[in-house]
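As stored in target-v2.cif (mmCIF, C-alpha atoms):
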```cif
data_start
loop_
_atom_site.label_atom_id
_atom_site.label_comp_id
_atom_site.auth_asym_id
_atom_site.auth_seq_id
_atom_site.Cartn_x
_atom_site.Cartn_y
_atom_site.Cartn_z
CA MET A 1 145.74 73.69 137.47
CA LYS A 2 145.25 73.38 133.68
CA SER A 3 142.96 70.42 134.29
CA ASN A 4 140.79 72.44 136.69
CA THR A 5 140.63 75.36 134.28
CA ARG A 6 139.63 73.07 131.44
CA TYR A 7 137.02 71.39 133.63
CA LEU A 8 135.59 74.77 134.60
CA SER A 9 135.46 75.83 130.96
CA LEU A 10 133.55 72.66 130.05
CA ILE A 11 131.05 73.28 132.85
CA LEU A 12 130.52 76.90 131.80
CA GLY A 13 130.16 75.84 128.16
CA ALA A 14 127.60 73.20 129.04
CA ALA A 15 125.68 75.68 131.21
CA PHE A 16 125.61 78.19 128.37
CA ILE A 17 124.26 75.58 125.93
CA ILE A 18 121.54 74.53 128.38
CA PHE A 19 120.58 78.15 129.05
CA SER A 20 120.43 78.96 125.34
CA SER A 21 118.31 75.90 124.68
CA CYS A 22 115.88 76.93 127.41
CA VAL A 23 115.59 80.42 125.94
CA LEU A 24 114.94 79.03 122.46
CA LEU A 25 112.35 76.59 123.79
CA LYS A 26 110.62 79.35 125.70
CA GLN A 27 110.59 81.52 122.56
CA LYS A 28 109.17 78.64 120.52
CA ASP A 29 106.48 77.87 123.10
CA LYS A 30 105.17 81.43 123.04
CA PRO A 31 102.30 82.12 120.66
CA THR A 32 102.92 84.50 117.79
CA LEU A 33 100.77 87.30 116.45
CA PHE A 34 101.38 87.44 112.70
CA LEU A 35 100.38 90.58 110.81
CA ILE A 36 99.59 90.43 107.09
CA GLY A 37 98.47 93.27 104.86
CA ASP A 38 99.66 96.07 102.63
CA SER A 39 101.89 99.14 103.08
CA THR A 40 99.53 100.75 105.59
CA VAL A 41 100.48 97.88 107.90
CA LYS A 42 104.14 97.73 106.94
CA ASN A 43 105.75 100.18 104.55
CA GLY A 44 109.01 99.05 102.98
CA LYS A 45 111.09 97.32 105.63
CA GLY A 46 109.03 98.86 108.39
CA LYS A 47 111.76 101.37 109.27
CA GLY A 48 110.04 104.56 108.13
CA ASP A 49 111.71 104.90 104.74
CA GLY A 50 110.57 108.16 103.17
CA SER A 51 108.76 108.99 106.43
CA LEU A 52 106.06 106.44 105.52
CA TRP A 53 104.99 104.16 108.36
CA GLY A 54 102.47 101.36 108.77
CA TRP A 55 100.67 100.71 112.06
CA GLY A 56 102.17 97.23 112.29
CA SER A 57 105.54 98.77 113.13
CA PHE A 58 104.14 100.04 116.44
CA ILE A 59 101.54 97.47 117.47
CA GLY A 60 104.14 95.35 119.28
CA GLU A 61 104.59 98.12 121.86
CA PHE A 62 101.15 97.32 123.25
CA PHE A 63 101.87 93.64 123.86
CA ASP A 64 103.83 91.83 126.55
CA THR A 65 106.56 90.35 124.38
CA GLU A 66 107.61 88.11 127.26
CA LYS A 67 104.40 86.21 126.59
CA ILE A 68 103.83 86.63 122.84
CA ASN A 69 105.89 87.22 119.70
CA VAL A 70 104.73 89.87 117.24
CA GLU A 71 105.80 89.39 113.63
CA ASN A 72 104.91 91.90 110.92
CA ASP A 73 104.83 90.11 107.56
CA ALA A 74 102.80 92.69 105.66
CA LEU A 75 104.16 93.91 102.33
CA GLY A 76 103.50 97.13 100.49
CA GLY A 77 101.68 96.96 97.18
CA THR A 78 99.90 93.70 97.88
CA SER A 79 96.21 92.91 97.74
CA SER A 80 94.35 89.97 99.26
CA ARG A 81 94.96 88.28 95.90
CA THR A 82 98.67 88.93 95.31
CA PHE A 83 99.62 88.25 98.92
CA GLN A 84 98.50 84.72 98.14
CA THR A 85 99.38 84.25 94.48
CA ASN A 86 102.92 85.62 94.91
CA GLY A 87 103.73 83.07 97.60
CA LEU A 88 103.84 85.45 100.54
CA TRP A 89 100.97 83.76 102.35
CA ASP A 90 102.47 80.28 101.95
CA ALA A 91 105.66 81.52 103.63
CA VAL A 92 103.72 82.93 106.60
CA LEU A 93 101.36 79.98 106.87
CA ALA A 94 104.31 77.59 107.11
CA LYS A 95 105.26 79.31 110.40
CA VAL A 96 101.77 79.43 111.90
CA LYS A 97 101.12 76.89 114.65
CA LYS A 98 98.25 75.99 116.94
CA GLY A 99 97.52 78.79 119.39
CA ASP A 100 98.91 81.56 117.16
CA PHE A 101 97.00 84.60 115.89
CA VAL A 102 96.90 86.09 112.39
CA MET A 103 95.64 89.66 112.04
CA MET A 104 94.92 90.77 108.47
CA GLN A 105 94.10 94.07 106.78
CA PHE A 106 93.53 94.21 103.03
CA GLY A 107 91.46 96.37 100.72
CA HIS A 108 93.48 99.38 99.59
CA ASN A 109 94.96 97.64 96.57
CA ASP A 110 92.09 95.25 95.84
CA SER A 111 90.29 97.98 93.91
CA SER A 112 93.08 98.03 91.31
CA PRO A 113 92.55 96.58 87.80
CA LEU A 114 92.62 92.79 87.47
CA ASP A 115 95.06 92.71 84.58
CA ASP A 116 96.97 96.00 84.28
CA THR A 117 100.60 95.81 83.19
CA ALA A 118 101.86 97.56 86.34
CA ARG A 119 100.71 95.23 89.13
CA ALA A 120 97.73 93.05 88.11
CA ARG A 121 96.62 92.87 91.71
CA GLY A 122 92.91 93.73 91.72
CA THR A 123 90.13 91.44 92.92
CA ILE A 124 86.50 91.21 91.87
CA LYS A 125 84.38 93.53 93.99
CA GLY A 126 82.26 91.94 96.72
CA ILE A 127 82.39 88.78 98.81
CA GLY A 128 80.59 86.30 96.56
CA MET A 129 81.85 83.28 94.66
CA GLU A 130 82.26 85.00 91.29
CA SER A 131 85.42 84.41 89.32
CA LYS A 132 86.94 85.53 86.06
CA GLU A 133 89.69 84.01 83.96
CA THR A 134 92.06 86.68 82.74
CA TYR A 135 95.54 86.99 81.32
CA ASN A 136 98.06 88.14 83.92
CA PRO A 137 100.59 90.31 82.02
CA ILE A 138 103.02 90.26 84.96
CA LYS A 139 103.22 86.46 85.15
CA LYS A 140 102.49 86.06 81.44
CA LYS A 141 99.87 83.38 81.95
CA GLN A 142 96.15 82.88 82.46
CA GLU A 143 94.83 83.28 85.99
CA VAL A 144 91.43 82.77 87.58
CA VAL A 145 90.71 85.83 89.74
CA TYR A 146 88.15 85.73 92.56
CA THR A 147 86.35 88.23 94.77
CA TYR A 148 87.86 90.09 97.71
CA GLY A 149 85.72 87.97 100.01
CA TRP A 150 86.91 84.74 98.41
CA TYR A 151 90.55 85.54 99.13
CA MET A 152 89.74 86.67 102.67
CA ARG A 153 87.92 83.40 103.33
CA LYS A 154 90.93 81.51 102.00
CA PHE A 155 93.11 83.21 104.63
CA ILE A 156 90.59 82.37 107.34
CA ASN A 157 90.18 78.73 106.36
CA ASP A 158 93.95 78.20 106.21
CA ILE A 159 94.38 79.79 109.65
CA LYS A 160 91.62 77.71 111.20
CA ALA A 161 93.12 74.54 109.73
CA LYS A 162 96.31 75.30 111.63
CA GLY A 163 94.42 75.67 114.92
CA ALA A 164 95.20 79.39 114.97
CA THR A 165 92.92 82.41 115.37
CA ALA A 166 92.07 84.79 112.53
CA ILE A 167 91.32 88.46 113.18
CA ILE A 168 90.17 90.82 110.43
CA CYS A 169 90.78 94.57 110.52
CA SER A 170 89.00 96.82 108.07
CA SER A 171 91.50 98.95 106.16
CA ILE A 172 92.48 102.37 107.48
CA PRO A 173 90.75 105.33 105.81
CA ARG A 174 92.65 107.38 103.30
CA ASN A 175 93.27 111.05 104.08
CA PRO A 176 89.73 112.51 104.19
CA VAL A 177 90.74 116.17 104.01
CA LYS A 178 89.33 117.98 100.99
CA ASP A 179 89.30 121.76 100.55
CA ASN A 180 90.49 122.09 104.13
CA LYS A 181 87.52 120.10 105.44
CA VAL A 182 87.29 116.58 106.85
CA VAL A 183 84.98 114.73 104.45
CA LEU A 184 84.41 111.16 105.60
CA ALA A 185 83.08 108.64 103.07
CA ASN A 186 81.86 105.07 103.31
CA ASP A 187 84.35 102.38 102.36
CA SER A 188 83.03 99.34 100.49
CA TYR A 189 86.00 97.18 101.47
CA ALA A 190 85.52 98.02 105.14
CA ALA A 191 81.92 96.83 104.86
CA TRP A 192 82.92 93.68 102.99
CA ALA A 193 85.59 92.89 105.58
CA ALA A 194 82.93 93.10 108.30
CA GLU A 195 80.58 90.86 106.32
CA VAL A 196 83.23 88.20 105.78
CA ALA A 197 84.20 88.21 109.47
CA LYS A 198 80.54 87.84 110.50
CA ALA A 199 79.87 85.03 108.03
CA GLU A 200 83.01 83.12 109.01
CA LYS A 201 82.52 83.80 112.74
CA VAL A 202 85.94 85.37 113.31
CA ASP A 203 86.90 88.44 115.31
CA PHE A 204 86.55 91.77 113.53
CA ILE A 205 88.11 95.12 114.40
CA PRO A 206 86.27 98.03 112.71
CA LEU A 207 89.52 99.90 112.28
CA ASN A 208 88.22 102.06 109.45
CA GLN A 209 85.37 103.39 111.59
CA LEU A 210 87.42 103.71 114.78
CA ILE A 211 89.89 105.98 113.01
CA LYS A 212 87.12 107.97 111.34
CA ASP A 213 85.51 108.51 114.74
CA LYS A 214 88.76 110.07 115.91
CA TYR A 215 89.03 112.23 112.80
CA THR A 216 85.58 113.71 113.46
CA THR A 217 86.96 115.26 116.66
CA LEU A 218 89.90 116.90 114.88
CA LYS A 219 90.44 119.89 112.65
CA ALA A 220 91.47 119.38 109.03
CA GLU A 221 95.06 120.45 109.68
CA GLU A 222 95.30 117.99 112.58
CA VAL A 223 94.15 115.10 110.38
CA ASN A 224 96.48 116.20 107.59
CA ALA A 225 99.37 116.04 110.06
CA TYR A 226 98.94 112.25 110.29
CA PHE A 227 99.61 111.69 106.58
CA THR A 228 102.65 112.13 104.39
CA GLU A 229 102.70 114.79 101.71
CA LYS A 230 103.48 112.14 99.09
CA ASP A 231 99.93 110.83 98.72
CA HIS A 232 96.55 110.54 100.45
CA THR A 233 96.97 106.95 101.64
CA HIS A 234 100.15 106.54 103.67
CA THR A 235 100.58 107.71 107.23
CA ASN A 236 103.67 109.17 108.82
CA GLU A 237 104.92 108.01 112.22
CA ALA A 238 102.35 109.99 114.18
CA GLY A 239 99.49 108.67 112.05
CA ALA A 240 100.71 105.09 112.24
CA LYS A 241 100.88 105.29 116.03
CA VAL A 242 97.31 106.61 116.16
CA ASN A 243 96.20 103.71 113.96
CA ALA A 244 98.05 101.14 116.09
CA ALA A 245 96.30 102.50 119.17
CA ALA A 246 92.97 102.19 117.35
CA VAL A 247 93.70 98.53 116.58
CA VAL A 248 94.26 97.93 120.30
CA GLU A 249 91.09 99.86 121.15
CA GLY A 250 89.17 97.58 118.81
CA LEU A 251 90.85 94.50 120.23
CA LYS A 252 89.91 95.44 123.78
CA ALA A 253 86.28 95.84 122.71
CA LEU A 254 86.07 92.24 121.47
CA LYS A 255 84.05 90.14 123.88
CA SER A 256 85.94 86.87 123.86
CA SER A 257 89.29 87.41 122.16
CA LYS A 258 92.12 85.34 123.65
CA LEU A 259 94.61 87.81 122.18
CA LYS A 260 93.56 90.45 124.74
CA ALA A 261 95.29 88.43 127.47
CA TYR A 262 98.67 89.31 125.95
CA LEU A 263 98.24 93.08 126.06
CA LYS A 264 100.30 95.04 128.57
#
```

Exercise: express the given structure as structure tokens:
Amino acid sequence: MKSNTRYLSLILGAAFIIFSSCVLLKQKDKPTLFLIGDSTVKNGKGKGDGSLWGWGSFIGEFFDTEKINVENDALGGTSSRTFQTNGLWDAVLAKVKKGDFVMMQFGHNDSSPLDDTARARGTIKGIGMESKETYNPIKKKQEVVYTYGWYMRKFINDIKAKGATAIICSSIPRNPVKDNKVVLANDSYAAWAAEVAKAEKVDFIPLNQLIKDKYTTLKAEEVNAYFTEKDHTHTNEAGAKVNAAAVVEGLKALKSSKLKAYLK
């Protein structure tokens, strides 16, 4: 009787190992959508700390996660420059494989100073090949800083080299309510993001404009309700969900995106 019980236990153990291996293989075989960006994509740990939410925390709800993994690797406070120079991009790129997708949104923090003692995260304005050597007071060493477009192209080239697909989103608009009126302004970084995507022949989601189009249909108090009271940049849960839906709207409008096949 003991022998039979032991034999049965071995069979069940072996079956469990085989089943687990199949699940892991299936998970590994699925493509992954990686998200990179700043706090408007993922604030803090992406759990709504301080009622601040990024749209990346909700984008996964629109995808069939039986067919694709969604991984939000955005980090608050980063620019297209510091996401690379601080090693964050290397860590993500190491996981990217052929057939994966990388969706990026940068711009909010790129307008910061190049060499301030708080963050030193700014990039040179534009998409050209200009560069400037400057002292980085955070890292306490010299650093060559490039344009916003240069760093965006670096992301794209790295992604293409892995056989993956790059998708650029223009950054979400900041709270446009002024004196109880919705005052929409042009965003240079949104325009530069579009120019880079066109030049590099990668998919582009005009997220900035899509959200603005929605704001034009709303009253000032309705738009205000999407943002936290802490500042004019970060959205609350409701605002982040609206932005995530806008990303999907933009994705669906793309003519030949393979990522659309994984939507619910």

Using only C-alpha atoms, which protein or nucleic acid residues come within 9 Å of Pro31 of chain A? Drop anything in the same chain fewer than 6 positions from it, and give the result as a short mmCIF file (atom, residue, chain, number, x, y, z; two decimals) with C-alpha atoms, keeping the file's coordinate frame.
```cif
data_model
loop_
_atom_site.label_atom_id
_atom_site.label_comp_id
_atom_site.auth_asym_id
_atom_site.auth_seq_id
_atom_site.Cartn_x
_atom_site.Cartn_y
_atom_site.Cartn_z
CA LYS A 67 104.40 86.21 126.59
CA ILE A 68 103.83 86.63 122.84
CA ASN A 69 105.89 87.22 119.70
CA VAL A 70 104.73 89.87 117.24
CA LYS A 97 101.12 76.89 114.65
CA LYS A 98 98.25 75.99 116.94
CA GLY A 99 97.52 78.79 119.39
CA ASP A 100 98.91 81.56 117.16
CA PHE A 101 97.00 84.60 115.89
#
```

*For Arg174 of chain A, which of A:Gly60, A:Gly77, A:Gly46, A:Gly107 is the closest residue, counting all atoms listed in the file?*
A:Gly107

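If you look at atom CA of Glu229 of chain A and atom CA of Asp115 of chain A, they are 29.0 Å away from each other.
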
*Interatomic distance (Å, one decimal) between atom CA of Leu207 of chain A and atom CA of Ile59 of chain A*: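 Answer for the atom CA of Leu207 of chain A to atom CA of Ile59 of chain A separation: 13.3 Å.
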
Chain and number of each residue from the PyMOL selection byres ((chain A and resi 95) around 12), as a compact mmCIF listing (two decimals) with C-alpha atoms, keeping the file's coordinate frame:
```txt
# COMPACT_ATOMS: atom_id res chain seq x y z
CA LYS A 28 109.17 78.64 120.52
CA PRO A 31 102.30 82.12 120.66
CA THR A 32 102.92 84.50 117.79
CA LEU A 33 100.77 87.30 116.45
CA PHE A 34 101.38 87.44 112.70
CA GLU A 71 105.80 89.39 113.63
CA ASP A 73 104.83 90.11 107.56
CA LEU A 88 103.84 85.45 100.54
CA TRP A 89 100.97 83.76 102.35
CA ASP A 90 102.47 80.28 101.95
CA ALA A 91 105.66 81.52 103.63
CA VAL A 92 103.72 82.93 106.60
CA LEU A 93 101.36 79.98 106.87
CA ALA A 94 104.31 77.59 107.11
CA VAL A 96 101.77 79.43 111.90
CA LYS A 97 101.12 76.89 114.65
CA LYS A 98 98.25 75.99 116.94
CA GLY A 99 97.52 78.79 119.39
CA ASP A 100 98.91 81.56 117.16
CA PHE A 101 97.00 84.60 115.89
CA VAL A 102 96.90 86.09 112.39
CA ILE A 159 94.38 79.79 109.65
CA LYS A 162 96.31 75.30 111.63
CA ALA A 164 95.20 79.39 114.97
```

How big is the axis-aligned box around all listed atoms of segment 199-218 of chain A once 3 Å goes on each side, and where's its centre, in Å to one decimal, as JSON?
```
{"center_x": 84.9, "center_y": 100.0, "center_z": 112.3, "size_x": 16.0, "size_y": 39.8, "size_z": 14.6}
```

*Which residues come within 6 Å of Trp53 of chain A, counting only C-alpha atoms, excluding same-chain residues fewer than 3 positions away, as JSON, numbers by chain?*
{"A": [43, 48, 235, 236, 237, 240]}

_I'd like the neighbourhood of Ala194 of chain A as a PyMOL selection string, where a residue qualifies if any of its atoms comes within 9 Å (using only C-alpha atoms), though same-chain residues fewer than 4 positions away should be ignored._
chain A and resi 168-170+189-190+198-199+204-206

Could you save those same residues with C-alpha atoms as a tab-separated table (two decimals), keeping the file's coordinate frame?
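For reference, selection_1.tsv as written:
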```
chain	number	residue	atom	x	y	z
A	168	ILE	CA	90.17	90.82	110.43
A	169	CYS	CA	90.78	94.57	110.52
A	170	SER	CA	89.00	96.82	108.07
A	189	TYR	CA	86.00	97.18	101.47
A	190	ALA	CA	85.52	98.02	105.14
A	198	LYS	CA	80.54	87.84	110.50
A	199	ALA	CA	79.87	85.03	108.03
A	204	PHE	CA	86.55	91.77	113.53
A	205	ILE	CA	88.11	95.12	114.40
A	206	PRO	CA	86.27	98.03	112.71
```

*Tell me which of A:Pro176, A:Gly149, A:Gly50, A:Gly37 sits closest to Ala193 of chain A, counting all atoms listed in the file.*
A:Gly149

_Output check: residues returned by the PyMOL selection byres ((chain A and resi 242) around 12), as an MDAnalysis selection string_ = chainID A and resid 53:59 172 207 210:212 214:215 223 225:227 235:241 243:249

*asked:* Between A:Leu254, A:Val202, A:Val182, A:Met129, which residue has the minimum interatomic distance to Thr216 of chain A, considering all atoms listed in the file?
replied: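 Of A:Leu254, A:Val202, A:Val182, A:Met129, the one nearest Thr216 of chain A, counting all atoms listed in the file, is A:Val182.
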
_One number please: atom CA of Thr85 of chain A to atom CA of Trp192 of chain A, in Å, one decimal._
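Computed distance, atom CA of Thr85 of chain A to atom CA of Trp192 of chain A, equals 20.8 Å.
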
*For Asn180 of chain A, which residue out of A:Glu222, A:Glu61, A:Asp213, A:Glu130 is the nearest one, using only C-alpha atoms?*
A:Glu222

*Might you pull out every residue within 6 Å of segment 120-125 of chain A, with all atoms listed in the file counted and same-chain residues fewer than 2 positions away left off, and present them as a VMD selection string?*
chain A and resid 82 110 to 116 146 to 148

*asked:* I'd like to know which of A:Asn224, A:Lys132, A:Glu200, A:Ile167 is closest to Ser257 of chain A, using only C-alpha atoms.
replied: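 Closest to Ser257 of chain A of all the choices is A:Ile167.
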
*Kindly indicate which residue among A:His108, A:Lys47, A:Lys141, A:Lys30 lies nearest to His234 of chain A, using only C-alpha atoms for the distances.*
A:His108

_Expand the PyMOL selection byres ((chain A and resi 151) around 10) into the explicit residue set it covers here, and present it as number ranges by chain._
A: 79-84, 106, 123, 127, 145-150, 152-157

Write out as an mmCIF file with C-alpha atoms, in the frame of the given file the residues lying within 6 Å of Phe63 of chain A, counting all atoms listed in the file and excluding same-chain residues fewer than 4 positions away.
```
data_model
loop_
_atom_site.group_PDB
_atom_site.id
_atom_site.type_symbol
_atom_site.label_atom_id
_atom_site.label_comp_id
_atom_site.auth_asym_id
_atom_site.auth_seq_id
_atom_site.Cartn_x
_atom_site.Cartn_y
_atom_site.Cartn_z
ATOM 1 C CA TYR A 262 98.670 89.310 125.950
ATOM 2 C CA LEU A 263 98.240 93.080 126.060
ATOM 3 C CA LYS A 264 100.300 95.040 128.570
#
```

Restore N, CA, C and O atoms in segment 58-72 of chain A and list the result as a PDB file, keeping the file's coordinate frame.
```pdb
ATOM      1  N   PHE A  58     104.277  99.545 115.072  1.00  0.00           N
ATOM      2  CA  PHE A  58     104.140 100.040 116.440  1.00  0.00           C
ATOM      3  C   PHE A  58     103.209  99.198 117.314  1.00  0.00           C
ATOM      4  O   PHE A  58     103.143  99.406 118.524  1.00  0.00           O
ATOM      5  N   ILE A  59     102.517  98.258 116.711  1.00  0.00           N
ATOM      6  CA  ILE A  59     101.540  97.470 117.470  1.00  0.00           C
ATOM      7  C   ILE A  59     102.201  96.614 118.557  1.00  0.00           C
ATOM      8  O   ILE A  59     101.626  96.364 119.619  1.00  0.00           O
ATOM      9  N   GLY A  60     103.440  96.191 118.306  1.00  0.00           N
ATOM     10  CA  GLY A  60     104.140  95.350 119.280  1.00  0.00           C
ATOM     11  C   GLY A  60     104.360  96.033 120.611  1.00  0.00           C
ATOM     12  O   GLY A  60     104.504  95.358 121.643  1.00  0.00           O
ATOM     13  N   GLU A  61     104.369  97.371 120.622  1.00  0.00           N
ATOM     14  CA  GLU A  61     104.590  98.120 121.860  1.00  0.00           C
ATOM     15  C   GLU A  61     103.456  97.954 122.864  1.00  0.00           C
ATOM     16  O   GLU A  61     103.615  98.227 124.048  1.00  0.00           O
ATOM     17  N   PHE A  62     102.307  97.490 122.375  1.00  0.00           N
ATOM     18  CA  PHE A  62     101.150  97.320 123.250  1.00  0.00           C
ATOM     19  C   PHE A  62     101.059  95.917 123.855  1.00  0.00           C
ATOM     20  O   PHE A  62     100.211  95.674 124.714  1.00  0.00           O
ATOM     21  N   PHE A  63     101.922  95.021 123.396  1.00  0.00           N
ATOM     22  CA  PHE A  63     101.870  93.640 123.860  1.00  0.00           C
ATOM     23  C   PHE A  63     103.027  93.304 124.789  1.00  0.00           C
ATOM     24  O   PHE A  63     104.105  93.903 124.712  1.00  0.00           O
ATOM     25  N   ASP A  64     102.787  92.334 125.663  1.00  0.00           N
ATOM     26  CA  ASP A  64     103.830  91.830 126.550  1.00  0.00           C
ATOM     27  C   ASP A  64     104.632  90.801 125.766  1.00  0.00           C
ATOM     28  O   ASP A  64     104.220  89.650 125.626  1.00  0.00           O
ATOM     29  N   THR A  65     105.761  91.227 125.239  1.00  0.00           N
ATOM     30  CA  THR A  65     106.560  90.350 124.380  1.00  0.00           C
ATOM     31  C   THR A  65     107.299  89.253 125.152  1.00  0.00           C
ATOM     32  O   THR A  65     107.999  88.448 124.553  1.00  0.00           O
ATOM     33  N   GLU A  66     107.127  89.251 126.475  1.00  0.00           N
ATOM     34  CA  GLU A  66     107.610  88.110 127.260  1.00  0.00           C
ATOM     35  C   GLU A  66     106.657  86.940 127.102  1.00  0.00           C
ATOM     36  O   GLU A  66     107.024  85.795 127.352  1.00  0.00           O
ATOM     37  N   LYS A  67     105.432  87.245 126.679  1.00  0.00           N
ATOM     38  CA  LYS A  67     104.400  86.210 126.590  1.00  0.00           C
ATOM     39  C   LYS A  67     103.977  85.899 125.150  1.00  0.00           C
ATOM     40  O   LYS A  67     103.409  84.845 124.881  1.00  0.00           O
ATOM     41  N   ILE A  68     104.243  86.833 124.228  1.00  0.00           N
ATOM     42  CA  ILE A  68     103.830  86.630 122.840  1.00  0.00           C
ATOM     43  C   ILE A  68     104.821  87.280 121.887  1.00  0.00           C
ATOM     44  O   ILE A  68     105.379  88.341 122.185  1.00  0.00           O
ATOM     45  N   ASN A  69     105.066  86.630 120.761  1.00  0.00           N
ATOM     46  CA  ASN A  69     105.890  87.220 119.700  1.00  0.00           C
ATOM     47  C   ASN A  69     104.980  87.993 118.753  1.00  0.00           C
ATOM     48  O   ASN A  69     103.842  87.583 118.505  1.00  0.00           O
ATOM     49  N   VAL A  70     105.474  89.095 118.233  1.00  0.00           N
ATOM     50  CA  VAL A  70     104.730  89.870 117.240  1.00  0.00           C
ATOM     51  C   VAL A  70     105.581  89.950 115.982  1.00  0.00           C
ATOM     52  O   VAL A  70     106.716  90.433 116.022  1.00  0.00           O
ATOM     53  N   GLU A  71     105.040  89.450 114.877  1.00  0.00           N
ATOM     54  CA  GLU A  71     105.800  89.390 113.630  1.00  0.00           C
ATOM     55  C   GLU A  71     105.015  90.081 112.518  1.00  0.00           C
ATOM     56  O   GLU A  71     103.907  89.662 112.171  1.00  0.00           O
ATOM     57  N   ASN A  72     105.572  91.129 111.964  1.00  0.00           N
ATOM     58  CA  ASN A  72     104.910  91.900 110.920  1.00  0.00           C
ATOM     59  C   ASN A  72     105.365  91.420 109.543  1.00  0.00           C
ATOM     60  O   ASN A  72     106.465  91.720 109.091  1.00  0.00           O
TER      61      ASN A  72
END
```
